[in-house]
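All remarks here apply to the structure that follows.
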Amino acid sequence: MMDNKPVITCYGDANLYKDIQGEICQRLPREPVEWKRSYGRACKSVFIDATFVTFNENNLPSEKSRTLLSDPFLHLYFTDCTDADNYRQTVKDQIGLWMKILKDRNIHDWLIVQVISSNDLRKTKILPRSSIVDKMKSDFCNKQPERCITLVEPLKEQSKMSESWQGFIQRLRNLLVSSFNRNIGRFEENMRAQREMRTEPGWDFIDYFFLQEELAFVFEMLLQHEDALVQYDELDALLTQYLNTSNINDISLWLSPFNNPQNTWDGVSLSKKDITEKRRYIMNREASLLDLRNYLIGCQCSLLFFLQRPWEAAVRSLPFMHNCVNEIHTLDVDIPDGAIACWVFLSALEVLRLCERYNDMSQVENYSLYSSDLWNYARTKLRELGFLCGLMPDTTPTSKQLHLVVGLLSGMRERQEDGGGSTNLKLREALSSQDSFNRHYLELCELTLGTYKHIGRLRAARLVGRDLADYYIRSGEFGKAESFLQDLLKMYVDEGWPLLAADIRCQISHCQKQLNHTQRCVHTCALLASDGLLNLTKQCLYFDEFVTSAACLSQDDPLTISGHPMMNVDNIRVACYHGNQVTVNENIVVELSLNNNLPQTITVATIQLSVYKLQGCHDNDGVVGHLASDALPGAVLGANPGAVESSMLRTGQLIGIQSTVELSKDDVIYSALVCPNSATLLQRIDSTNSLRSNTSPVDKGDFSRCCSANDITLEPGRNDVTLKCLADSPGRYITGQLCVVYSTGLQFIFTDQLHRNCFSVVDKPANITVHSAGRLLCGIPQSIDVSVFTGPYSTTPATDTVCISSTTGLSVTEGVYNIPQLPPYTTHTLTLSVLADINSLPHVDVWDQPMSQHQISCVWHRLDNVKHSTLDFHSPIAVKHNFHSLIHQNFIEVHLFVSCDTGCRVYDVSLDHGDCEDTEVELSPIQPSNSLDILAGEKCTLGWCVSSVVKLSSCVLTLSAEFTPSSVLQRGLQFTFNTNHKQSNRFIISSTVKPVDGAEFCEIGKLCSYSVEIVDKQREREGPTQRLFYNIRTDSNTWAVLGKNSGYVSSTEPSGEPVTYSLTLELMPLACGYIRFPDIELLESSSQTTENHTATQTTVYHTNRATQIRVMPSDSYSMVKVITS
């Protein structure tokens, strides 16, 4: 921005350094030098240039007034002295005086240069040149020998001279870098000290601004633009902090001029002349806030262009403009209306113009990403100026607005370099007339739209389109406006902004009405009239427009649109009175629940529900409701396949799922769920055609077969409608589209949100069925229904009669019954009374009730054969018995279960043994009872004690009882059962456990004797010795059996007596306390000659099953008597 170079002073032989000054200036910036910065900052390579001036003591800086740009960085002394006498008499004193001046000013950056020519080298009387150099080093550079250097024959091109030049230039670069590091470090310390004083009274930001800017100039001088940019960023942040807190803290004195009225608002300019002029304003304290801000952003953008990052200039510019506008409001600066808009417009377009100039193809994406918002900001400010100055299409500028334009133009200072493409002239031209404004505004909108679309920010592009639509509405171009509004509406609908969508639809309705697009206007007004987000007044207004526009629709080209959200279908149900089937020539009745979301009542001409016949599906029974997934893959719509739209297959109810499994010999290799119609369900919906998604008609399917209702009045809210049609053809059917015909020119179609219903139409022949309402019981009068289905015939009483008869044991109202006159496929029911004889029940000895079957025969000439119907009659009482034995006593247990719905009373219950071989059998009831009241579903238990001295295996027992069901006569009941395989206990086992050593108690770990005696009551000794197999079962935690716990036991008692078996084992208790006796299991041997015998479980009674024995611990114990009061 400013052409600054480090200053180097020259002293000594003036003619000498003037001769070689040009060569030094050419050689110095050719190569970089490494700059090692302090505070651990990264090293950088810099190119150094310099400006040479003659040494002047008066121009040397003092200790307290040091700067970076005006103060010299290095001081050189040139001499060509090669004579020792001349050196002692003259040169030494001059160098000493020069060094004293530098030392007094605390200057440490200097260099002594001895220049030697070829003529001096040829003089023989001259001392070697090293002698003079050594003397100078000894006199002045004793500790810093690098501060003295010799330059040989600088004006000749020889190798030796080139080496001398190279060493001199490198020494000069290193000393300059060292000086930079020292001076910049000292300057930064001073700058930080000044910044820390910013909260003290009297601190001036402008003075600090120029102080830190000088550091930025130094960095820029060294081509370190990144470091220079950091200095301006810090100044920007410090200024922003002050301005943001100015309304809280007291306003500083330096900030007061910024509150003065703003008279100029020319935008940001990046030309060198304008930046220099702005800096002069700031130095003279004549700059406004906009001038200071313009200068700052100008310096930052210039550095970014040097760094080849034009896109970052666009990134910084937008928040800079927003912050500057907020700061003007914060400081309450008096500025005319529209001045801020002019400043923003000029600044944004100037930055964009220069960004495009410095931009390259590799940064197009970055540049477009951030420049789009700048274009949009400039567009909005130009639109603001259009409203403010009366330049919009539907307005005419007033005299006040014309004066405002003149004032705004005067505040934009003209620049001499402003050409035809300058932003200043563009704004002046745009504010000059409406035509020029319209041209510039539309051009700016197109640039903004194109940039947003290029970077993929379609939502921002749609918002720009909203302003364009407003502009076109004002200019009367409603077609262009509708196109932009439809794009915006689609975005709002897709993103779920219903309130914003309703507002856009209102504008679309206005455009369509002006364009005389009746069909589109009808659809839009219907959507607005049913939108609950609008107030009732607006809904009624758009409803009236809907009714008026619908009356103008042509009957030749009717409008077919989606019925949602004007109406919602809550439920569709096919009312099938025979399961899911409808018979031929019967009405298909559909119950429809329809919500009318319009604000007023409407009367529709027809409501139709299409019905499609499915091909490839069997006419088997299904379930009424959604179409089952297993039926979908094989279902092909046969009635006009083209009419059944693809959206019908995209509904959630029609997603078909099939399972696929691949098996191997031992494992499942592959399993998956497959959707056969995934291609249809997942097909791409075009996102560019927004007009079709909102206003285009929908496809109407085939309504040649449909259920309908005419002249239906739909009130606001829920309406229940019944649709009917005649089932004329058998098959499998599915419901399709719903069509609400408002008028001859308007139809509402419902497709995607419908519940699909599947049902069958069957052709049933004539038939007679007999059935009962509940379970039939014997001995109780009950009713049955005889249903006569006419099938395809019409009946008359004269010709159609049914003759009814029954089998023996069943009393029924027999006779001939006339069928009344009935249409085809009608059912007529006859109710008959039946009574089954209870004595016809079979005698069974099971818990289930005995059941008897009877037939009813029906004869009708419409049937090919006699219709026989079997009825099952059950016993009202179920009986079950059990036999129990306890040594010498036997018991019989009888359970009675009542099946009557009302319960019954049972009395005179007796059990008789009848013809029994044992004449001394006695049956004694355990608890005699005269009568028992048993509730429905309850159970009653009776018991008898049996005493007999012989076996009961051949005895037949008969249970007799009387019962009285509610509201019927008394009935008798009898059950017979025998006692086969019912016998008393055969084996009686008794056992004892005693200590072996005669102790009183058993102890843990000590042996005990386990004696077992087994008595076989039913087998006496006959023939060889009988053997039993025994198995001792113990708990491993309580007993341990010593020896075998299983084996055979035999008896040698004399014949004629019950066989007795005895065995003794040794046990060891493993736990203390009261322990149960071990269990013993017996098996009877069927063979005496083989070890691998077959044994059968016998009936065993354990006399000691519940006996416990006390086991004491192994340690000594004592009995303690505890007395409790």
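Note on naming: chains are A, B, ... as they come in the structure tokens, residues start from 1 per chain, ligands start from 1 in the order shown.
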Find the residues around Met99 in chain A up to 12 Å (only C-alpha atoms counted), leave out those fewer than 3 positions away in its own chain, and share them as a PDB file with N, CA, C and O atoms, in the first residue's frame.
```pdb
ATOM      1  N   TYR A  11      28.558   7.326   5.297  1.00  0.00           N
ATOM      2  CA  TYR A  11      29.469   8.363   5.791  1.00  0.00           C
ATOM      3  C   TYR A  11      30.880   8.026   5.334  1.00  0.00           C
ATOM      4  O   TYR A  11      31.201   6.875   5.061  1.00  0.00           O
ATOM      5  N   GLY A  12      31.726   9.017   5.309  1.00  0.00           N
ATOM      6  CA  GLY A  12      33.111   8.807   4.869  1.00  0.00           C
ATOM      7  C   GLY A  12      33.350   9.447   3.525  1.00  0.00           C
ATOM      8  O   GLY A  12      32.975  10.616   3.287  1.00  0.00           O
ATOM      9  N   GLU A  57      23.826  13.935  11.455  1.00  0.00           N
ATOM     10  CA  GLU A  57      23.652  13.766  12.903  1.00  0.00           C
ATOM     11  C   GLU A  57      22.301  14.291  13.358  1.00  0.00           C
ATOM     12  O   GLU A  57      21.707  13.749  14.291  1.00  0.00           O
ATOM     13  N   HIS A  75      24.037   1.883   9.588  1.00  0.00           N
ATOM     14  CA  HIS A  75      24.919   3.011   9.270  1.00  0.00           C
ATOM     15  C   HIS A  75      26.236   2.462   8.720  1.00  0.00           C
ATOM     16  O   HIS A  75      26.857   1.591   9.337  1.00  0.00           O
ATOM     17  N   LEU A  76      26.654   2.973   7.528  1.00  0.00           N
ATOM     18  CA  LEU A  76      27.868   2.500   6.848  1.00  0.00           C
ATOM     19  C   LEU A  76      28.909   3.628   6.802  1.00  0.00           C
ATOM     20  O   LEU A  76      28.574   4.808   6.572  1.00  0.00           O
ATOM     21  N   TYR A  77      30.168   3.221   6.982  1.00  0.00           N
ATOM     22  CA  TYR A  77      31.303   4.165   6.806  1.00  0.00           C
ATOM     23  C   TYR A  77      32.196   3.606   5.706  1.00  0.00           C
ATOM     24  O   TYR A  77      32.684   2.468   5.798  1.00  0.00           O
ATOM     25  N   LYS A  92      41.263   7.618  11.091  1.00  0.00           N
ATOM     26  CA  LYS A  92      40.977   7.085  12.424  1.00  0.00           C
ATOM     27  C   LYS A  92      40.155   8.068  13.248  1.00  0.00           C
ATOM     28  O   LYS A  92      39.199   7.681  13.946  1.00  0.00           O
ATOM     29  N   ASP A  93      40.487   9.337  13.151  1.00  0.00           N
ATOM     30  CA  ASP A  93      39.727  10.337  13.915  1.00  0.00           C
ATOM     31  C   ASP A  93      38.296  10.467  13.389  1.00  0.00           C
ATOM     32  O   ASP A  93      37.342  10.614  14.168  1.00  0.00           O
ATOM     33  N   GLN A  94      38.133  10.396  12.041  1.00  0.00           N
ATOM     34  CA  GLN A  94      36.772  10.484  11.488  1.00  0.00           C
ATOM     35  C   GLN A  94      35.909   9.299  11.940  1.00  0.00           C
ATOM     36  O   GLN A  94      34.749   9.465  12.306  1.00  0.00           O
ATOM     37  N   ILE A  95      36.502   8.119  11.881  1.00  0.00           N
ATOM     38  CA  ILE A  95      35.737   6.937  12.314  1.00  0.00           C
ATOM     39  C   ILE A  95      35.406   7.038  13.799  1.00  0.00           C
ATOM     40  O   ILE A  95      34.308   6.697  14.250  1.00  0.00           O
ATOM     41  N   GLY A  96      36.390   7.531  14.603  1.00  0.00           N
ATOM     42  CA  GLY A  96      36.133   7.663  16.033  1.00  0.00           C
ATOM     43  C   GLY A  96      35.025   8.643  16.326  1.00  0.00           C
ATOM     44  O   GLY A  96      34.167   8.393  17.196  1.00  0.00           O
ATOM     45  N   LEU A 102      27.178   7.707  17.128  1.00  0.00           N
ATOM     46  CA  LEU A 102      26.272   6.552  17.191  1.00  0.00           C
ATOM     47  C   LEU A 102      26.123   6.025  18.615  1.00  0.00           C
ATOM     48  O   LEU A 102      25.015   5.638  19.042  1.00  0.00           O
ATOM     49  N   LYS A 103      27.208   5.990  19.341  1.00  0.00           N
ATOM     50  CA  LYS A 103      27.153   5.473  20.703  1.00  0.00           C
ATOM     51  C   LYS A 103      26.326   6.384  21.591  1.00  0.00           C
ATOM     52  O   LYS A 103      25.583   5.912  22.469  1.00  0.00           O
ATOM     53  N   ASP A 104      26.455   7.707  21.387  1.00  0.00           N
ATOM     54  CA  ASP A 104      25.656   8.635  22.192  1.00  0.00           C
ATOM     55  C   ASP A 104      24.163   8.444  21.932  1.00  0.00           C
ATOM     56  O   ASP A 104      23.346   8.659  22.845  1.00  0.00           O
ATOM     57  N   ARG A 105      23.763   8.053  20.745  1.00  0.00           N
ATOM     58  CA  ARG A 105      22.338   7.817  20.420  1.00  0.00           C
ATOM     59  C   ARG A 105      21.924   6.360  20.664  1.00  0.00           C
ATOM     60  O   ARG A 105      20.814   5.975  20.297  1.00  0.00           O
ATOM     61  N   ASN A 106      22.821   5.594  21.260  1.00  0.00           N
ATOM     62  CA  ASN A 106      22.527   4.189  21.585  1.00  0.00           C
ATOM     63  C   ASN A 106      22.198   3.389  20.316  1.00  0.00           C
ATOM     64  O   ASN A 106      21.259   2.599  20.270  1.00  0.00           O
ATOM     65  N   ILE A 107      23.027   3.609  19.287  1.00  0.00           N
ATOM     66  CA  ILE A 107      22.864   2.916  18.010  1.00  0.00           C
ATOM     67  C   ILE A 107      23.979   1.891  17.890  1.00  0.00           C
ATOM     68  O   ILE A 107      25.173   2.232  17.989  1.00  0.00           O
ATOM     69  N   HIS A 108      23.592   0.662  17.638  1.00  0.00           N
ATOM     70  CA  HIS A 108      24.564  -0.437  17.595  1.00  0.00           C
ATOM     71  C   HIS A 108      24.650  -1.105  16.239  1.00  0.00           C
ATOM     72  O   HIS A 108      25.346  -2.110  16.102  1.00  0.00           O
ATOM     73  N   ASP A 109      23.951  -0.597  15.241  1.00  0.00           N
ATOM     74  CA  ASP A 109      23.929  -1.230  13.921  1.00  0.00           C
ATOM     75  C   ASP A 109      24.770  -0.373  12.970  1.00  0.00           C
ATOM     76  O   ASP A 109      24.317   0.653  12.444  1.00  0.00           O
ATOM     77  N   TRP A 110      25.995  -0.787  12.736  1.00  0.00           N
ATOM     78  CA  TRP A 110      26.917  -0.041  11.875  1.00  0.00           C
ATOM     79  C   TRP A 110      27.871  -1.019  11.211  1.00  0.00           C
ATOM     80  O   TRP A 110      28.023  -2.153  11.633  1.00  0.00           O
ATOM     81  N   LEU A 111      28.575  -0.533  10.178  1.00  0.00           N
ATOM     82  CA  LEU A 111      29.516  -1.356   9.430  1.00  0.00           C
ATOM     83  C   LEU A 111      30.562  -0.434   8.789  1.00  0.00           C
ATOM     84  O   LEU A 111      30.219   0.591   8.175  1.00  0.00           O
ATOM     85  N   ILE A 112      31.848  -0.828   8.927  1.00  0.00           N
ATOM     86  CA  ILE A 112      32.954  -0.096   8.307  1.00  0.00           C
ATOM     87  C   ILE A 112      33.394  -0.858   7.066  1.00  0.00           C
ATOM     88  O   ILE A 112      33.691  -2.061   7.131  1.00  0.00           O
ATOM     89  N   ASP A 139      41.090  -1.160  16.542  1.00  0.00           N
ATOM     90  CA  ASP A 139      40.708   0.103  17.149  1.00  0.00           C
ATOM     91  C   ASP A 139      39.205   0.178  17.443  1.00  0.00           C
ATOM     92  O   ASP A 139      38.798   0.712  18.487  1.00  0.00           O
ATOM     93  N   PHE A 140      38.350  -0.375  16.523  1.00  0.00           N
ATOM     94  CA  PHE A 140      36.910  -0.149  16.658  1.00  0.00           C
ATOM     95  C   PHE A 140      36.078  -1.438  16.740  1.00  0.00           C
ATOM     96  O   PHE A 140      34.948  -1.406  17.197  1.00  0.00           O
ATOM     97  N   CYS A 141      36.621  -2.533  16.259  1.00  0.00           N
ATOM     98  CA  CYS A 141      35.806  -3.772  16.191  1.00  0.00           C
ATOM     99  C   CYS A 141      36.504  -4.898  16.916  1.00  0.00           C
ATOM    100  O   CYS A 141      36.590  -6.033  16.408  1.00  0.00           O
ATOM    101  N   ARG A 147      31.993  -6.392  12.023  1.00  0.00           N
ATOM    102  CA  ARG A 147      31.557  -5.037  11.721  1.00  0.00           C
ATOM    103  C   ARG A 147      32.535  -4.309  10.778  1.00  0.00           C
ATOM    104  O   ARG A 147      32.320  -3.135  10.474  1.00  0.00           O
TER     105      ARG A 147
END
```
Practice task
If you run DSSP over the backbone, which residues in range 194-235 of chain A end up alpha helix (DSSP H)? Put them as a ChimeraX atom specification.
Solution key: /A:194-196,205-221,225-235
Residue selection dump (N, CA, C and O atoms) as a CSV table (one decimal), in the first residue's frame:
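Output contents, as saved in selection03.csv:
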```
chain,number,residue,atom,x,y,z
A,194,GLN,N,1.8,0.6,25.2
A,194,GLN,CA,0.7,1.5,24.8
A,194,GLN,C,-0.6,0.9,24.8
A,194,GLN,O,-1.6,1.5,25.2
A,195,ARG,N,-0.7,-0.3,24.4
A,195,ARG,CA,-2.0,-1.0,24.4
A,195,ARG,C,-2.6,-1.3,25.8
A,195,ARG,O,-3.8,-1.2,26.0
A,196,GLU,N,-1.6,-1.6,26.7
A,196,GLU,CA,-2.1,-1.8,28.0
A,196,GLU,C,-2.6,-0.6,28.7
A,196,GLU,O,-3.3,-0.7,29.7
A,205,PHE,N,-7.0,6.1,20.5
A,205,PHE,CA,-6.9,5.0,19.6
A,205,PHE,C,-6.3,5.4,18.3
A,205,PHE,O,-5.5,4.6,17.7
A,206,ILE,N,-6.5,6.6,17.9
A,206,ILE,CA,-5.9,7.0,16.6
A,206,ILE,C,-4.4,7.0,16.6
A,206,ILE,O,-3.7,6.5,15.7
A,207,ASP,N,-3.8,7.5,17.8
A,207,ASP,CA,-2.4,7.5,17.9
A,207,ASP,C,-1.9,6.0,17.9
A,207,ASP,O,-0.9,5.7,17.3
A,208,TYR,N,-2.6,5.2,18.7
A,208,TYR,CA,-2.2,3.8,18.7
A,208,TYR,C,-2.4,3.1,17.4
A,208,TYR,O,-1.6,2.2,17.0
A,209,PHE,N,-3.4,3.5,16.7
A,209,PHE,CA,-3.6,3.0,15.3
A,209,PHE,C,-2.4,3.2,14.4
A,209,PHE,O,-2.0,2.2,13.8
A,210,PHE,N,-1.9,4.4,14.4
A,210,PHE,CA,-0.8,4.7,13.5
A,210,PHE,C,0.5,4.0,14.0
A,210,PHE,O,1.4,3.6,13.2
A,211,LEU,N,0.6,3.8,15.3
A,211,LEU,CA,1.7,3.1,15.9
A,211,LEU,C,1.8,1.7,15.4
A,211,LEU,O,2.8,1.2,14.9
A,212,GLN,N,0.7,0.9,15.6
A,212,GLN,CA,0.7,-0.5,15.1
A,212,GLN,C,0.7,-0.6,13.6
A,212,GLN,O,1.2,-1.6,13.1
A,213,GLU,N,0.1,0.4,12.9
A,213,GLU,CA,0.1,0.3,11.5
A,213,GLU,C,1.5,0.5,10.9
A,213,GLU,O,1.9,-0.1,9.9
A,214,GLU,N,2.4,1.2,11.7
A,214,GLU,CA,3.8,1.3,11.2
A,214,GLU,C,4.4,-0.1,11.3
A,214,GLU,O,5.2,-0.4,10.4
A,215,LEU,N,4.1,-0.9,12.2
A,215,LEU,CA,4.6,-2.3,12.3
A,215,LEU,C,4.1,-3.1,11.1
A,215,LEU,O,4.8,-3.9,10.5
A,216,ALA,N,2.8,-2.8,10.7
A,216,ALA,CA,2.3,-3.5,9.5
A,216,ALA,C,3.0,-3.1,8.3
A,216,ALA,O,3.3,-3.9,7.4
A,217,PHE,N,3.4,-1.8,8.2
A,217,PHE,CA,4.1,-1.3,7.0
A,217,PHE,C,5.5,-2.0,6.9
A,217,PHE,O,6.0,-2.3,5.8
A,218,VAL,N,6.1,-2.2,8.1
A,218,VAL,CA,7.4,-2.9,8.1
A,218,VAL,C,7.3,-4.3,7.6
A,218,VAL,O,8.1,-4.8,6.8
A,219,PHE,N,6.3,-5.0,8.1
A,219,PHE,CA,6.1,-6.4,7.6
A,219,PHE,C,5.8,-6.4,6.1
A,219,PHE,O,6.2,-7.3,5.4
A,220,GLU,N,5.0,-5.4,5.7
A,220,GLU,CA,4.7,-5.3,4.2
A,220,GLU,C,6.0,-5.0,3.5
A,220,GLU,O,6.2,-5.5,2.3
A,221,MET,N,6.8,-4.1,4.0
A,221,MET,CA,8.1,-3.8,3.4
A,221,MET,C,9.0,-5.0,3.2
A,221,MET,O,9.7,-5.2,2.2
A,225,HIS,N,3.2,-10.3,4.1
A,225,HIS,CA,1.9,-9.8,4.1
A,225,HIS,C,1.0,-10.5,5.1
A,225,HIS,O,0.0,-9.8,5.6
A,226,GLU,N,1.3,-11.7,5.5
A,226,GLU,CA,0.5,-12.4,6.5
A,226,GLU,C,0.6,-11.7,7.8
A,226,GLU,O,-0.4,-11.5,8.5
A,227,ASP,N,1.8,-11.4,8.2
A,227,ASP,CA,2.0,-10.7,9.5
A,227,ASP,C,1.5,-9.3,9.4
A,227,ASP,O,0.9,-8.8,10.5
A,228,ALA,N,1.5,-8.6,8.3
A,228,ALA,CA,0.9,-7.3,8.2
A,228,ALA,C,-0.6,-7.4,8.4
A,228,ALA,O,-1.2,-6.5,9.0
A,229,LEU,N,-1.2,-8.5,7.8
A,229,LEU,CA,-2.6,-8.6,7.9
A,229,LEU,C,-3.0,-8.9,9.4
A,229,LEU,O,-4.1,-8.4,9.8
A,230,VAL,N,-2.2,-9.6,10.1
A,230,VAL,CA,-2.5,-9.8,11.6
A,230,VAL,C,-2.6,-8.5,12.3
A,230,VAL,O,-3.4,-8.3,13.2
A,231,GLN,N,-1.7,-7.5,12.0
A,231,GLN,CA,-1.7,-6.2,12.7
A,231,GLN,C,-3.0,-5.5,12.4
A,231,GLN,O,-3.7,-4.9,13.3
A,232,TYR,N,-3.5,-5.5,11.1
A,232,TYR,CA,-4.8,-4.8,10.8
A,232,TYR,C,-6.0,-5.6,11.5
A,232,TYR,O,-6.9,-5.0,11.9
A,233,ASP,N,-5.9,-6.9,11.6
A,233,ASP,CA,-6.9,-7.7,12.2
A,233,ASP,C,-7.0,-7.3,13.7
A,233,ASP,O,-8.1,-7.2,14.3
A,234,GLU,N,-5.9,-7.1,14.4
A,234,GLU,CA,-5.9,-6.7,15.8
A,234,GLU,C,-6.4,-5.3,15.9
A,234,GLU,O,-7.2,-5.1,16.9
A,235,LEU,N,-6.1,-4.4,15.1
A,235,LEU,CA,-6.7,-3.1,15.1
A,235,LEU,C,-8.2,-3.1,14.9
A,235,LEU,O,-8.9,-2.4,15.6
```
Handout entry: Shell of 9 Å around Leu468 in chain A, only C-alpha atoms, local chain residues under 3 positions omitted, as a VMD selection string
Key = chain A and resid 442 445 463 to 465 471 to 473 480 to 481 484
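Here the question is which of A:Cys739, A:Ala502, A:Leu663, A:Tyr817 gets nearest to Asp699 in chain A using only C-alpha atoms, and that residue is A:Cys739.
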Handout entry: Distance query Asp13 in chain A at most 7 Å, only C-alpha atoms, self and fewer than 3 positions along chain excluded, as a ChimeraX atom specification
Key = /A:16-17,78-79
Exercise for the section: Write out as number ranges by chain all residues of range 31-256 of chain A that DSSP puts in strand (DSSP E or B) for this structure's backbone. Expected result: A: 33-35, 44-46, 51-54, 72-79, 110-116, 148-152
Problem - Test item: residues at most 10 Å from Glu350 in chain A, only C-alpha atoms, excluding those fewer than 2 positions along its chain, as a list in words - result: Gly267, Val268, Ser269, Leu270, Val344, Phe345, Leu346, Ser347, Ala348, Leu352, Arg353, Leu354, Cys355, Ser422, Thr423 and Asn424 of chain A
Write the residues of the selection above to a file with C-alpha atoms, as a PDB file, in the first residue's frame.
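Saved file selection-v9.pdb follows:
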```
ATOM      1  CA  GLY A 267     -18.067   2.787  -0.359  1.00  0.00           C
ATOM      2  CA  VAL A 268     -14.908   0.845   0.106  1.00  0.00           C
ATOM      3  CA  SER A 269     -12.204   1.619  -2.453  1.00  0.00           C
ATOM      4  CA  LEU A 270      -9.033  -0.401  -2.868  1.00  0.00           C
ATOM      5  CA  VAL A 344     -23.323  -1.235   1.577  1.00  0.00           C
ATOM      6  CA  PHE A 345     -24.150  -1.446  -2.120  1.00  0.00           C
ATOM      7  CA  LEU A 346     -21.015   0.430  -3.178  1.00  0.00           C
ATOM      8  CA  SER A 347     -18.764  -1.534  -0.803  1.00  0.00           C
ATOM      9  CA  ALA A 348     -20.137  -4.951  -1.737  1.00  0.00           C
ATOM     10  CA  LEU A 352     -16.852  -8.299  -5.752  1.00  0.00           C
ATOM     11  CA  ARG A 353     -15.373  -6.426  -8.729  1.00  0.00           C
ATOM     12  CA  LEU A 354     -11.843  -6.746  -7.404  1.00  0.00           C
ATOM     13  CA  CYS A 355     -12.374 -10.360  -6.314  1.00  0.00           C
ATOM     14  CA  SER A 422     -17.321   1.595 -11.557  1.00  0.00           C
ATOM     15  CA  THR A 423     -19.763   0.823  -8.785  1.00  0.00           C
ATOM     16  CA  ASN A 424     -20.274   4.505  -8.071  1.00  0.00           C
TER      17      ASN A 424
END
```
Problem - Pairwise distance for CA of Arg718 in chain A and CA of Leu738 in chain A, rounded to one decimal in Å - result: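 Answer for the CA of Arg718 in chain A to CA of Leu738 in chain A separation: 16.4 Å.
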Exercise for the section: Could you jot down the CA of Asn865 in chain A to CA of Leu830 in chain A separation for me, Å, one decimal place? Expected result: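 Computing it gives 19.8 Å between the two atoms.
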Practice task
Would you mind listing what lies within 8 Å of range 512-522 of chain A as a count of residues only, with only C-alpha atoms counted and same-chain residues fewer than 2 positions away left out?
Solution key: 18
Exercise for the section: Compile the contact shell of range 851-853 of chain A as a ChimeraX atom specification: residues with an atom at most 6 Å away, counting only C-alpha atoms, same-chain residues fewer than 3 positions apart removed. Expected result: /A:841,871-874
Dump as an mmCIF file, in the first residue's frame, selection limited to N, CA and C atoms:
```cif
data_model
loop_
_atom_site.group_PDB
_atom_site.id
_atom_site.type_symbol
_atom_site.label_atom_id
_atom_site.label_comp_id
_atom_site.auth_asym_id
_atom_site.auth_seq_id
_atom_site.Cartn_x
_atom_site.Cartn_y
_atom_site.Cartn_z
ATOM 1 N N LEU A 841 -77.674 -91.719 26.644
ATOM 2 C CA LEU A 841 -76.238 -91.489 26.804
ATOM 3 C C LEU A 841 -75.515 -92.811 26.983
ATOM 4 N N LEU A 871 -76.502 -83.635 15.426
ATOM 5 C CA LEU A 871 -76.430 -82.800 16.622
ATOM 6 C C LEU A 871 -75.812 -83.606 17.746
ATOM 7 N N ASP A 872 -74.899 -83.025 18.478
ATOM 8 C CA ASP A 872 -74.233 -83.662 19.613
ATOM 9 C C ASP A 872 -74.885 -83.187 20.900
ATOM 10 N N PHE A 873 -75.374 -84.179 21.679
ATOM 11 C CA PHE A 873 -75.986 -83.885 22.977
ATOM 12 C C PHE A 873 -75.086 -84.443 24.075
ATOM 13 N N HIS A 874 -74.786 -83.631 25.043
ATOM 14 C CA HIS A 874 -73.898 -83.987 26.131
ATOM 15 C C HIS A 874 -74.678 -84.179 27.419
#
```
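With CA of Pro558 in chain A on one side and CA of Ile504 in chain A on the other, the separation reads 25.9 Å.
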Exercise for the section: Give the answer as one residue: which of A:Asp800, A:Asp1079, A:Asp702, A:Asp556 has the shortest atom-to-atom distance to Ile819 in chain A, using only C-alpha atoms? Expected result: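 Of A:Asp800, A:Asp1079, A:Asp702, A:Asp556, the one nearest Ile819 in chain A, counting only C-alpha atoms, is A:Asp800.
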